[in-house]
Amino acid sequence: MSTRKLFAKDIILLENVEAVVNNIIEQMREDVLQRFKRNGAVVGISGGIDSSVCFALVARAFGPEKVLGVILPEKDSSPDSEMFAKELAAKFGVRAIKEEITGALSGFGCYERRDEAVKRVFPEYDPSTWKMKIGVRQSGLFSNLPPIFYLTIIDPEGNVKDKILPAREYLQIVAASNFKQRTRMSMLYYHAEALHYAVIGTPNKHEQEQGFFVKYGDGAGDVMPIGNLYKTQVYQLAEYLGVPKGIIERTPTTDTYSAEQTQEEFFYQLPFHLMDRFWYGFENGYPPAEVAAVMDETADRVESLFRNFERKRNTTEYLRMPPIRDYYQG
Amino acid sequence: MAIDTATTKEKIRNYIVQSSHADADKIKDESMIFREGFFDSMGFIMLITFLEEEFGIKTVDSDLIEENFESINAISEFIQRKSQN
């Protein structure tokens, strides 16, 4: 007989946050210190909620003196990111250093390759004064069609233009932008190896399962303390751990493109409080009609949404997989 | 000049088979190509690019609905309508 709870909006909330935190800390100590034989942890801190919660967790797990925070800005980063990251480090008494990666990214041709693709779509785009971003339209999530990416450019007067991104330009912009996450991860491993520490991966459950990360970029790391937590639960941990209010109240952004962009408009297409509950219903096999009744939706739309989740999980499997090596079974 | 429907469908089918690496026998004119998982987001963008280049049409935001892209039949009718405009 099934003991599954009836679907409810608060089904996702952690009942005992302290126990969850203690369990994560204990497991991390065992993995990093005993299993990996590393002496501490390096965390890239962006001033966002996920890396801040990971930072607070490792400060508790290993002690502030065994943790290094690394702030990794580049020329498109919001100045707020560095400000919040410094506030976070000060709050937990952990040393934080700044590694500016614009030079490394220029060396890779990150900006040049990206802007070349943008100009093929909008010849008038001037990267020295205009801003750009890519994103999806929110209406697509309840449709059976996958989302289409749009390119948006904003001139110095604030005039906005957008167009559907053709395949070739989309791929080039994403590939060039991914230098950012991979450069950051290279720098984190430099510091981790120099200190004989482990690198803490900061993705949450949605990023992991929906593939909202860069393979071998922000999707890398040795342990991922919040990799199995919904965003709502990450916020519960943030409150419990005492993450600064400014970080908790900040809208999650990608901080990847020169124009301001929320994670919702770039990828998720739903606010987190809704995404979390729908995803919970989906992954725990609740019937769309039961979820729809609680979430004030129609069963048809929730069914489409679940199909969308399924497709997203399947099509991003490649990102989560380590290299396949069992071709020879000798 | 109207495009021959059979030729249009054949070109679309060939493209889908080639780009999705799917078994050709599984892709019928009425197969729901997105619901059945032949294409993801990237596949959709590439499909649009292919249709624009192959049939000389221009896709606008309001065209991006399931009724226009759900199957080879739907895409073919969409191409016919766009070509007549």
# chains A, B, ... in the order shown; residues from 1 in each chain; ligands from 1
>>> residues_around(residues="region 51-68 of chain B", least_positions_apart="5", cutoff="9 Å", atoms="only C-alpha atoms", output="JSON, numbers by chain")
{"A": [140, 143, 144, 145, 148, 163, 164], "B": [3, 8, 11, 12, 34, 46, 73, 74, 75, 76, 77, 78, 79, 82, 83]}
>>> select_by_dssp(residues="region 19-83 of chain B", states="alpha helix (DSSP H)", output="PyMOL selection string")
chain B and resi 19-20+41-55+66-69+72-83
>>> select_by_dssp(residues="region 50-146 of chain A", states="strand (DSSP E or B)", output="ChimeraX atom specification")
/A:67-71,95-98,131-136
>>> interface_residues(of="chain A", to="chain B", cutoff="12 Å", atoms="only C-alpha atoms", output="PyMOL selection string")
chain A and resi 136-137+139-150+162-171+174+267+303-316
>>> atom_distance(atom1="CA of Lys161 (chain A)", atom2="CA of Asp76 (chain A)")
19.3 Å
>>> residues_around(residues="Arg320 (chain A)", least_positions_apart="6", cutoff="12 Å", atoms="only C-alpha atoms", output="list in words")
Pro203, Glu207, Gln208, Glu209, Gln210, Gly211, Phe212, Phe213, Val214, Lys215, Tyr216, Gly217, Asp218, Gly219, Ala220, Arg313 and Asn314 of chain A
>>> residues_around(residues="region 233-248 of chain A", least_positions_apart="2", cutoff="8 Å", atoms="only C-alpha atoms", output="list in words")
Ile12, Leu13, Leu14, Val17, Glu18, Val21, Gly47, Gly48, Ile49, Asp50, Ser52, Val53, Ala56, Leu57, Phe84, Glu87, Leu88, Lys91, Asn204, Ile226, Leu229, Tyr230, Lys231 and Arg250 of chain A
>>> residues_around(residues="Trp130 (chain A)", least_positions_apart="5", cutoff="7 Å", atoms="only C-alpha atoms", output="list in words")
Tyr125, Ile153, Ile154, Asp155 and Pro156 of chain A
>>> residues_around(residues="Gly285 (chain A)", least_positions_apart="2", cutoff="12 Å", atoms="only C-alpha atoms", output="PyMOL selection string")
chain A and resi 4-7+278-283+287-291+303+306+310
